[in-house]
>>> print(open('upload.csv').read())   # CSV, C-alpha atoms and all ligand atoms
chain,number,residue,atom,x,y,z
Z,1,MET,CA,97.8,118.4,94.3
Z,2,PRO,CA,98.4,115.8,97.0
Z,3,PHE,CA,102.0,114.6,97.7
Z,4,PRO,CA,102.9,112.3,94.9
Z,5,ARG,CA,102.7,108.5,95.6
Z,6,LEU,CA,105.0,107.6,92.7
Z,7,HIS,CA,108.7,108.8,92.8
Z,8,LEU,CA,110.9,108.2,89.8
Z,9,ILE,CA,114.6,108.4,90.5
Z,10,THR,CA,116.6,108.9,87.4
Z,11,ASP,CA,119.6,110.6,85.7
Z,12,SER,CA,117.9,110.3,82.3
Z,13,PHE,CA,116.0,113.3,80.8
Z,14,ALA,CA,114.4,111.0,78.3
Z,15,VAL,CA,113.1,108.7,81.0
Z,16,ALA,CA,111.9,111.6,83.0
Z,17,ARG,CA,110.1,113.1,80.0
Z,18,ALA,CA,108.3,109.8,79.3
Z,19,ALA,CA,107.2,109.4,82.9
Z,20,VAL,CA,106.1,113.0,83.3
Z,21,ASP,CA,104.1,112.7,80.0
Z,22,ALA,CA,102.4,109.7,81.4
Z,23,ALA,CA,101.8,110.8,85.0
Z,24,GLY,CA,101.9,114.6,85.1
Z,25,PRO,CA,101.2,115.9,88.6
Z,26,GLU,CA,100.9,112.5,90.1
Z,27,LEU,CA,104.6,112.1,89.8
Z,28,ALA,CA,107.8,113.2,91.6
Z,29,VAL,CA,111.0,113.0,89.7
Z,30,GLN,CA,114.1,112.8,91.8
Z,31,VAL,CA,117.3,113.7,89.9
Z,32,ARG,CA,120.0,111.4,91.1
Z,33,VAL,CA,123.3,111.5,89.4
Z,34,GLU,CA,126.3,109.2,90.2
Z,35,ASP,CA,128.9,110.6,92.6
Z,36,GLY,CA,131.5,111.1,89.9
Z,37,VAL,CA,129.2,113.4,87.8
Z,38,ASP,CA,130.3,117.1,88.0
Z,39,ASP,CA,128.0,119.6,89.6
Z,40,ARG,CA,127.8,121.5,86.3
Z,41,ASP,CA,126.4,118.4,84.6
Z,42,ALA,CA,124.1,117.8,87.5
Z,43,TYR,CA,122.9,121.4,87.4
Z,44,GLU,CA,122.2,121.3,83.7
Z,45,LEU,CA,120.2,118.0,83.9
Z,46,ALA,CA,118.3,119.2,87.0
Z,47,GLY,CA,117.4,122.5,85.3
Z,48,LYS,CA,115.9,120.6,82.3
Z,49,VAL,CA,114.0,118.3,84.6
Z,50,VAL,CA,112.6,121.1,86.7
Z,51,GLU,CA,111.4,122.9,83.6
Z,52,LEU,CA,109.7,119.6,82.4
Z,53,CYS,CA,108.1,119.1,85.8
Z,54,VAL,CA,106.9,122.7,86.3
Z,55,GLY,CA,105.2,122.5,82.9
Z,56,ALA,CA,103.4,119.4,83.9
Z,57,GLY,CA,102.6,120.2,87.5
Z,58,ALA,CA,105.0,117.4,88.7
Z,59,LEU,CA,107.3,117.7,91.7
Z,60,CYS,CA,111.1,117.8,91.0
Z,61,LEU,CA,113.5,116.8,93.8
Z,62,VAL,CA,117.3,116.6,93.7
Z,63,ASN,CA,119.2,113.8,95.5
Z,64,ASP,CA,122.1,114.7,97.8
Z,65,ARG,CA,123.1,118.0,96.1
Z,66,LEU,CA,120.9,120.5,97.8
Z,67,HIS,CA,122.9,123.5,96.3
Z,68,VAL,CA,121.8,122.2,92.9
Z,69,ALA,CA,118.2,121.9,94.1
Z,70,LEU,CA,118.3,125.5,95.2
Z,71,ALA,CA,120.1,126.7,92.0
Z,72,VAL,CA,117.5,125.2,89.7
Z,73,GLY,CA,114.5,126.0,91.8
Z,74,ALA,CA,113.5,122.4,92.5
Z,75,GLY,CA,110.7,121.6,94.9
Z,76,GLY,CA,113.3,120.1,97.3
Z,77,GLY,CA,115.8,117.4,97.9
Z,78,HIS,CA,116.5,114.0,99.5
Z,79,VAL,CA,119.3,113.2,101.9
Z,80,GLY,CA,120.6,110.0,103.5
Z,81,ALA,CA,123.2,108.9,106.0
Z,82,LEU,CA,126.1,110.2,104.0
Z,83,ASP,CA,124.6,113.6,103.1
Z,84,LEU,CA,123.9,116.7,105.2
Z,85,PRO,CA,122.1,115.8,108.4
Z,86,VAL,CA,118.4,116.4,108.1
Z,87,ASP,CA,118.4,119.5,110.4
Z,88,ALA,CA,121.1,121.1,108.3
Z,89,ALA,CA,119.4,120.1,105.1
Z,90,ARG,CA,116.2,121.8,106.3
Z,91,ARG,CA,118.2,125.0,107.1
Z,92,VAL,CA,119.7,124.9,103.6
Z,93,LEU,CA,116.4,124.3,101.8
Z,94,GLY,CA,114.2,126.6,104.0
Z,95,PRO,CA,110.9,125.8,105.6
Z,96,GLY,CA,108.8,125.5,102.5
Z,97,ALA,CA,110.8,123.0,100.6
Z,98,VAL,CA,110.1,119.3,100.3
Z,99,LEU,CA,112.8,117.4,102.2
Z,100,GLY,CA,113.1,113.6,102.0
Z,101,ALA,CA,115.3,111.5,104.3
Z,102,THR,CA,116.2,107.9,104.2
Z,103,ALA,CA,115.2,105.8,107.1
Z,104,ARG,CA,115.6,102.0,107.7
Z,105,ASP,CA,114.2,101.7,111.2
Z,106,PRO,CA,111.7,103.4,113.5
Z,107,GLY,CA,114.2,105.3,115.6
Z,108,THR,CA,116.0,106.8,112.6
Z,109,ALA,CA,112.6,107.7,111.1
Z,110,ARG,CA,111.4,109.5,114.2
Z,111,ARG,CA,114.7,111.5,114.5
Z,112,ALA,CA,114.5,112.4,110.8
Z,113,VAL,CA,110.9,113.7,111.2
Z,114,ALA,CA,111.8,115.6,114.3
Z,115,ALA,CA,114.7,117.2,112.4
Z,116,GLY,CA,112.4,118.4,109.6
Z,117,ALA,CA,111.9,115.7,107.1
Z,118,THR,CA,108.7,116.1,104.9
Z,119,TYR,CA,108.7,112.4,103.9
Z,120,LEU,CA,110.8,109.3,104.4
Z,121,GLY,CA,112.4,107.0,101.8
Z,122,VAL,CA,112.3,103.6,103.5
Z,123,GLY,CA,114.1,100.6,102.4
Z,124,PRO,CA,115.7,98.5,101.1
Z,125,ALA,CA,112.2,97.0,100.9
Z,126,TYR,CA,113.5,94.1,98.6
Z,127,ALA,CA,116.8,93.1,97.1
Z,128,THR,CA,118.0,95.3,94.2
Z,129,SER,CA,120.8,95.2,91.8
Z,130,THR,CA,120.6,98.9,91.1
Z,131,LYS,CA,122.6,100.0,94.2
Z,132,ASP,CA,125.5,98.3,95.9
Z,133,GLY,CA,126.3,98.3,99.6
Z,134,LEU,CA,122.8,98.2,101.0
Z,135,PRO,CA,121.9,96.4,104.2
Z,136,PRO,CA,119.7,93.3,104.0
Z,137,PRO,CA,116.1,94.0,102.8
Z,138,ILE,CA,113.7,95.0,105.5
Z,139,GLY,CA,110.6,93.7,103.6
Z,140,PRO,CA,107.1,94.9,104.0
Z,141,ALA,CA,107.3,94.2,107.7
Z,142,GLY,CA,110.2,96.6,108.0
Z,143,VAL,CA,108.4,99.2,106.1
Z,144,ALA,CA,105.4,98.7,108.3
Z,145,ALA,CA,107.5,99.2,111.5
Z,146,VAL,CA,108.6,102.6,110.2
Z,147,ALA,CA,105.2,103.6,108.9
Z,148,ALA,CA,103.7,102.9,112.3
Z,149,ALA,CA,106.3,105.1,114.0
Z,150,VAL,CA,105.8,108.3,112.0
Z,151,GLY,CA,103.0,110.6,110.7
Z,152,VAL,CA,104.7,111.6,107.4
Z,153,PRO,CA,104.5,109.9,104.0
Z,154,VAL,CA,106.6,106.7,103.8
Z,155,ILE,CA,107.9,106.1,100.3
Z,156,ALA,CA,109.1,102.5,100.0
Z,157,ILE,CA,112.2,102.0,97.9
Z,158,ALA,CA,114.4,99.1,96.5
Z,159,GLY,CA,113.2,96.3,94.3
Z,160,VAL,CA,109.8,97.9,93.9
Z,161,THR,CA,107.6,96.7,91.0
Z,162,ALA,CA,103.9,97.2,90.3
Z,163,ALA,CA,103.2,93.6,91.5
Z,164,ARG,CA,104.7,94.5,94.9
Z,165,VAL,CA,102.8,97.7,95.4
Z,166,PRO,CA,99.7,96.2,97.0
Z,167,GLU,CA,101.7,94.6,99.9
Z,168,LEU,CA,103.7,97.8,100.4
Z,169,LEU,CA,100.5,99.8,100.7
Z,170,GLU,CA,99.1,97.2,103.0
Z,171,SER,CA,102.2,97.7,105.2
Z,172,GLY,CA,101.4,101.4,105.5
Z,173,ALA,CA,103.6,102.9,102.8
Z,174,TYR,CA,102.1,106.0,101.3
Z,175,GLY,CA,103.9,105.5,98.0
Z,176,VAL,CA,107.0,104.1,96.2
Z,177,ALA,CA,110.2,105.2,94.6
Z,178,VAL,CA,111.7,103.3,91.7
Z,179,ILE,CA,114.7,103.4,89.4
Z,180,GLY,CA,114.6,100.2,87.4
Z,181,ALA,CA,110.9,99.5,87.2
Z,182,ILE,CA,110.6,102.6,85.0
Z,183,GLY,CA,114.1,103.4,83.9
Z,184,ARG,CA,114.9,99.9,82.6
Z,185,ALA,CA,111.4,99.3,81.2
Z,186,PRO,CA,111.1,98.9,77.4
Z,187,ASP,CA,108.3,101.5,77.6
Z,188,PRO,CA,108.9,103.8,80.5
Z,189,GLY,CA,105.6,105.6,80.0
Z,190,ALA,CA,103.6,102.3,80.1
Z,191,ALA,CA,105.5,101.2,83.1
Z,192,THR,CA,104.7,104.5,84.8
Z,193,ILE,CA,101.0,104.0,84.1
Z,194,GLU,CA,101.1,100.5,85.4
Z,195,LEU,CA,102.7,101.7,88.7
Z,196,LEU,CA,100.1,104.5,89.0
Z,197,LYS,CA,97.3,102.0,88.6
Z,198,ALA,CA,98.8,99.8,91.3
Z,199,LEU,CA,99.0,102.8,93.6
Z,200,SER,CA,95.4,103.9,93.0
M,301,LIG,C1,112.9,108.2,97.9
M,301,LIG,C2,114.3,107.8,98.2
M,301,LIG,N1,114.6,107.0,99.3
M,301,LIG,C3,115.9,106.7,99.5
M,301,LIG,C4,116.9,107.2,98.8
M,301,LIG,C5,118.3,106.9,99.1
M,301,LIG,O1,119.0,108.1,99.4
M,301,LIG,P1,120.4,108.0,100.1
M,301,LIG,O2,120.3,107.2,101.4
M,301,LIG,O3,120.9,109.4,100.2
M,301,LIG,O4,121.3,107.2,99.1
M,301,LIG,P2,121.7,107.7,97.6
M,301,LIG,O5,120.4,107.8,96.8
M,301,LIG,O6,122.3,109.1,97.8
M,301,LIG,O7,122.6,106.7,97.1
M,301,LIG,C6,116.6,108.1,97.8
M,301,LIG,N2,117.5,108.6,97.0
M,301,LIG,N3,115.3,108.4,97.5
M,302,LIG,C1,118.8,104.8,95.2
M,302,LIG,C2,118.4,103.7,96.1
M,302,LIG,N1,118.5,103.8,97.5
M,302,LIG,C3,118.1,102.8,98.1
M,302,LIG,C4,118.1,102.6,99.6
M,302,LIG,O1,117.5,101.7,100.1
M,302,LIG,O2,118.7,103.5,100.2
M,302,LIG,S1,117.7,101.5,97.1
M,302,LIG,C5,118.0,102.4,95.8
M,302,LIG,C6,117.9,101.9,94.4
M,302,LIG,C7,116.5,101.6,94.0
M,302,LIG,O3,116.5,101.1,92.6
M,302,LIG,P1,115.4,100.1,92.1
M,302,LIG,O4,114.0,100.7,92.1
M,302,LIG,O5,115.9,99.8,90.7
M,302,LIG,O6,115.5,98.8,93.0
M,303,MG,MG,122.4,110.4,99.4
>>> encode(input="upload.csv", output="structure tokens")
Amino acid sequence: MPFPRLHLITDSFAVARAAVDAAGPELAVQVRVEDGVDDRDAYELAGKVVELCVGAGALCLVNDRLHVALAVGAGGGHVGALDLPVDAARRVLGPGAVLGATARDPGTARRAVAAGATYLGVGPAYATSTKDGLPPPIGPAGVAAVAAAVGVPVIAIAGVTAARVPELLESGAYGVAVIGAIGRAPDPGAATIELLKALS
């Protein structure tokens, strides 16, 4: 199965289940819990999501907490500027794991790939209310600058909707990551299918 173009970021098993039921192996589910959540709760959620994903051929990733990713047998993890450095994360996960890194500019992107990143999460593509403290949006042009600088999949993130997917693909993005477009949708399964259609 090719690397997934649609990445759902969630801390809800119910949302993960709806999206996996709709997308199967075309989906990556990144388990991302809030900083105040205990490792035990993160472990239990991630274990259920890994079991769900394995049964459907989907990829499961764990945000930040690479020890949890290893403990539950996830496909890999994602790190950003406040997490383990990419080279250290690669040593922790091992050579075969999927390792995502956040990049907002070409220089950071190149360094992350050189340090062992499998893919890059690139944003904030647009404004979003989901996460505080982000820098100004980089837009499709900012995504394009990163995509032109690296040879690994660029996953655009922040404010992504199905309607915005075409311009992101045009900018060179390989795929997209979403929280709200699926997680806050009235029907997460239908929203997943809408995003997959936009990505095809
Ligand atoms: C696909 C993807 N891209 C970017 C991020 C952001 O990760 P990070 O910079 O580590 O910030 P937090 O998610 O930890 O708040 C991501 N998680 N996934
Ligand atoms: C978790 C996260 N990281 C971002 C970054 O740019 O680093 S933006 C983001 C939230 C994305 O949520 P939504 O799809 O609802 O906009
Ligand atoms: Mg992080």
>>> residues_around(input="upload.csv", residues="Pro25 of chain Z", least_positions_apart="6", cutoff="9 Å", atoms="only C-alpha atoms", output="JSON, numbers by chain")
{"Z": [1, 2, 4, 53, 56, 57, 58, 59]}
>>> write_last_selection(input="upload.csv", atoms="C-alpha atoms", output="CSV table (one decimal), in the coordinates of the input")
chain,number,residue,atom,x,y,z
Z,1,MET,CA,97.8,118.4,94.3
Z,2,PRO,CA,98.4,115.8,97.0
Z,4,PRO,CA,102.9,112.3,94.9
Z,53,CYS,CA,108.1,119.1,85.8
Z,56,ALA,CA,103.4,119.4,83.9
Z,57,GLY,CA,102.6,120.2,87.5
Z,58,ALA,CA,105.0,117.4,88.7
Z,59,LEU,CA,107.3,117.7,91.7
>>> residues_around(input="upload.csv", residues="segment 11-24 of chain Z", least_positions_apart="6", cutoff="6 Å", atoms="only C-alpha atoms", output="ChimeraX atom specification")
/Z:31-33,56,58,189,192
>>> residues_near_ligand(input="upload.csv", ligand="ligand LIG 301 (chain M)", cutoff="10 Å", atoms="all atoms listed in the file", output="NGL selection string")
:Z and (6-10 or 28-35 or 61-65 or 77-84 or 100-104 or 119-124 or 131-134 or 154-158 or 175-179)
>>> closest_residue(input="upload.csv", among="Z:Ala191, Z:Val150, Z:Ala145, Z:Ala127", to="ligand LIG 302 (chain M)", atoms="only C-alpha atoms and all ligand atoms")
Z:Ala127
>>> closest_residue(input="upload.csv", among="Z:Leu169, Z:Thr128, Z:Arg90, Z:Ala147", to="ligand LIG 302 (chain M)", atoms="all atoms listed in the file")
Z:Thr128
>>> closest_residue(input="upload.csv", among="Z:Glu26, Z:Glu167, Z:Asp187, Z:Asp87", to="Gly139 of chain Z", atoms="all atoms listed in the file")
Z:Glu167
>>> atom_distance(input="upload.csv", atom1="atom CA of Ala190 of chain Z", atom2="atom CA of Thr161 of chain Z")
12.9 Å
>>> atom_distance(input="upload.csv", atom1="atom CA of Val113 of chain Z", atom2="atom CA of Arg164 of chain Z")
25.9 Å
>>> closest_residue(input="upload.csv", among="Z:Ala125, Z:Val68, Z:Glu194, Z:Pro153", to="ligand LIG 302 (chain M)", atoms="all atoms listed in the file")
Z:Ala125
>>> atom_distance(input="upload.csv", atom1="atom O2 of ligand LIG 302 (chain M)", atom2="atom CA of Ile193 of chain Z")
23.9 Å
>>> residues_around(input="upload.csv", residues="Ala149 of chain Z", least_positions_apart="5", cutoff="9 Å", atoms="all atoms listed in the file", output="ChimeraX atom specification")
/Z:106-107,109-110,144
>>> closest_residue(input="upload.csv", among="Z:Pro135, Z:Gly172, Z:Pro188, Z:Pro140", to="ligand LIG 302 (chain M)", atoms="all atoms listed in the file")
Z:Pro135
>>> residues_near_point(input="upload.csv", point="(101.2, 93.2, 107.6)", cutoff="7 Å", atoms="all atoms listed in the file", output="ChimeraX atom specification")
/Z:141,144,170-171
>>> build_atoms(input="upload.csv", residues="segment 118-129 of chain Z", atoms="all heavy atoms", output="PDB file, in the coordinates of the input")
ATOM      1  N   THR Z 118     110.106 116.007 105.427  1.00  0.00           N
ATOM      2  CA  THR Z 118     108.700 116.100 104.900  1.00  0.00           C
ATOM      3  C   THR Z 118     108.183 114.682 104.661  1.00  0.00           C
ATOM      4  O   THR Z 118     106.996 114.423 104.845  1.00  0.00           O
ATOM      5  CB  THR Z 118     108.720 116.854 103.586  1.00  0.00           C
ATOM      6  OG1 THR Z 118     109.444 118.063 103.727  1.00  0.00           O
ATOM      7  CG2 THR Z 118     107.300 117.122 103.116  1.00  0.00           C
ATOM      8  N   TYR Z 119     109.065 113.812 104.146  1.00  0.00           N
ATOM      9  CA  TYR Z 119     108.700 112.400 103.900  1.00  0.00           C
ATOM     10  C   TYR Z 119     109.929 111.558 104.127  1.00  0.00           C
ATOM     11  O   TYR Z 119     111.053 112.064 104.282  1.00  0.00           O
ATOM     12  CB  TYR Z 119     108.204 112.244 102.425  1.00  0.00           C
ATOM     13  CG  TYR Z 119     109.316 112.278 101.396  1.00  0.00           C
ATOM     14  CD1 TYR Z 119     109.974 111.114 100.994  1.00  0.00           C
ATOM     15  CD2 TYR Z 119     109.728 113.487 100.838  1.00  0.00           C
ATOM     16  CE1 TYR Z 119     111.015 111.146 100.063  1.00  0.00           C
ATOM     17  CE2 TYR Z 119     110.768 113.533  99.913  1.00  0.00           C
ATOM     18  CZ  TYR Z 119     111.403 112.362  99.544  1.00  0.00           C
ATOM     19  OH  TYR Z 119     112.443 112.400  98.626  1.00  0.00           O
ATOM     20  N   LEU Z 120     109.720 110.242 104.173  1.00  0.00           N
ATOM     21  CA  LEU Z 120     110.800 109.300 104.400  1.00  0.00           C
ATOM     22  C   LEU Z 120     110.928 108.331 103.232  1.00  0.00           C
ATOM     23  O   LEU Z 120     109.898 107.800 102.776  1.00  0.00           O
ATOM     24  CB  LEU Z 120     110.628 108.530 105.693  1.00  0.00           C
ATOM     25  CG  LEU Z 120     110.578 109.348 106.984  1.00  0.00           C
ATOM     26  CD1 LEU Z 120     110.266 108.438 108.162  1.00  0.00           C
ATOM     27  CD2 LEU Z 120     111.873 110.103 107.217  1.00  0.00           C
ATOM     28  N   GLY Z 121     112.150 108.118 102.755  1.00  0.00           N
ATOM     29  CA  GLY Z 121     112.400 107.000 101.800  1.00  0.00           C
ATOM     30  C   GLY Z 121     112.815 105.823 102.662  1.00  0.00           C
ATOM     31  O   GLY Z 121     113.793 105.890 103.397  1.00  0.00           O
ATOM     32  N   VAL Z 122     112.045 104.747 102.594  1.00  0.00           N
ATOM     33  CA  VAL Z 122     112.300 103.600 103.500  1.00  0.00           C
ATOM     34  C   VAL Z 122     112.590 102.355 102.745  1.00  0.00           C
ATOM     35  O   VAL Z 122     111.835 101.925 101.872  1.00  0.00           O
ATOM     36  CB  VAL Z 122     110.998 103.416 104.379  1.00  0.00           C
ATOM     37  CG1 VAL Z 122     111.164 102.218 105.311  1.00  0.00           C
ATOM     38  CG2 VAL Z 122     110.714 104.682 105.192  1.00  0.00           C
ATOM     39  N   GLY Z 123     113.726 101.793 103.081  1.00  0.00           N
ATOM     40  CA  GLY Z 123     114.100 100.600 102.400  1.00  0.00           C
ATOM     41  C   GLY Z 123     115.462 100.085 103.009  1.00  0.00           C
ATOM     42  O   GLY Z 123     115.922 100.623 104.006  1.00  0.00           O
ATOM     43  N   PRO Z 124     116.117  99.100 102.375  1.00  0.00           N
ATOM     44  CA  PRO Z 124     115.700  98.500 101.100  1.00  0.00           C
ATOM     45  C   PRO Z 124     114.523  97.546 101.349  1.00  0.00           C
ATOM     46  O   PRO Z 124     114.653  96.612 102.127  1.00  0.00           O
ATOM     47  CB  PRO Z 124     116.920  97.773 100.615  1.00  0.00           C
ATOM     48  CG  PRO Z 124     117.720  97.486 101.841  1.00  0.00           C
ATOM     49  CD  PRO Z 124     117.409  98.574 102.825  1.00  0.00           C
ATOM     50  N   ALA Z 125     113.420  97.805 100.682  1.00  0.00           N
ATOM     51  CA  ALA Z 125     112.200  97.000 100.900  1.00  0.00           C
ATOM     52  C   ALA Z 125     112.495  95.540 100.385  1.00  0.00           C
ATOM     53  O   ALA Z 125     112.134  94.571 101.052  1.00  0.00           O
ATOM     54  CB  ALA Z 125     111.034  97.582 100.144  1.00  0.00           C
ATOM     55  N   TYR Z 126     113.150  95.443  99.231  1.00  0.00           N
ATOM     56  CA  TYR Z 126     113.500  94.100  98.600  1.00  0.00           C
ATOM     57  C   TYR Z 126     114.935  94.227  98.123  1.00  0.00           C
ATOM     58  O   TYR Z 126     115.541  95.295  98.077  1.00  0.00           O
ATOM     59  CB  TYR Z 126     112.559  93.817  97.468  1.00  0.00           C
ATOM     60  CG  TYR Z 126     111.095  93.921  97.798  1.00  0.00           C
ATOM     61  CD1 TYR Z 126     110.385  95.086  97.491  1.00  0.00           C
ATOM     62  CD2 TYR Z 126     110.419  92.883  98.421  1.00  0.00           C
ATOM     63  CE1 TYR Z 126     109.035  95.202  97.798  1.00  0.00           C
ATOM     64  CE2 TYR Z 126     109.074  92.982  98.735  1.00  0.00           C
ATOM     65  CZ  TYR Z 126     108.390  94.147  98.418  1.00  0.00           C
ATOM     66  OH  TYR Z 126     107.052  94.265  98.739  1.00  0.00           O
ATOM     67  N   ALA Z 127     115.464  93.111  97.701  1.00  0.00           N
ATOM     68  CA  ALA Z 127     116.800  93.100  97.100  1.00  0.00           C
ATOM     69  C   ALA Z 127     116.775  93.887  95.793  1.00  0.00           C
ATOM     70  O   ALA Z 127     115.768  93.897  95.079  1.00  0.00           O
ATOM     71  CB  ALA Z 127     117.258  91.674  96.865  1.00  0.00           C
ATOM     72  N   THR Z 128     117.864  94.554  95.485  1.00  0.00           N
ATOM     73  CA  THR Z 128     118.000  95.300  94.200  1.00  0.00           C
ATOM     74  C   THR Z 128     119.391  95.208  93.707  1.00  0.00           C
ATOM     75  O   THR Z 128     120.345  95.195  94.488  1.00  0.00           O
ATOM     76  CB  THR Z 128     117.568  96.757  94.380  1.00  0.00           C
ATOM     77  OG1 THR Z 128     117.687  97.407  93.111  1.00  0.00           O
ATOM     78  CG2 THR Z 128     118.455  97.477  95.394  1.00  0.00           C
ATOM     79  N   SER Z 129     119.515  95.190  92.392  1.00  0.00           N
ATOM     80  CA  SER Z 129     120.800  95.200  91.800  1.00  0.00           C
ATOM     81  C   SER Z 129     121.234  96.624  91.336  1.00  0.00           C
ATOM     82  O   SER Z 129     122.319  96.849  90.823  1.00  0.00           O
ATOM     83  CB  SER Z 129     120.815  94.305  90.518  1.00  0.00           C
ATOM     84  OG  SER Z 129     119.832  94.764  89.590  1.00  0.00           O
TER      85      SER Z 129
END
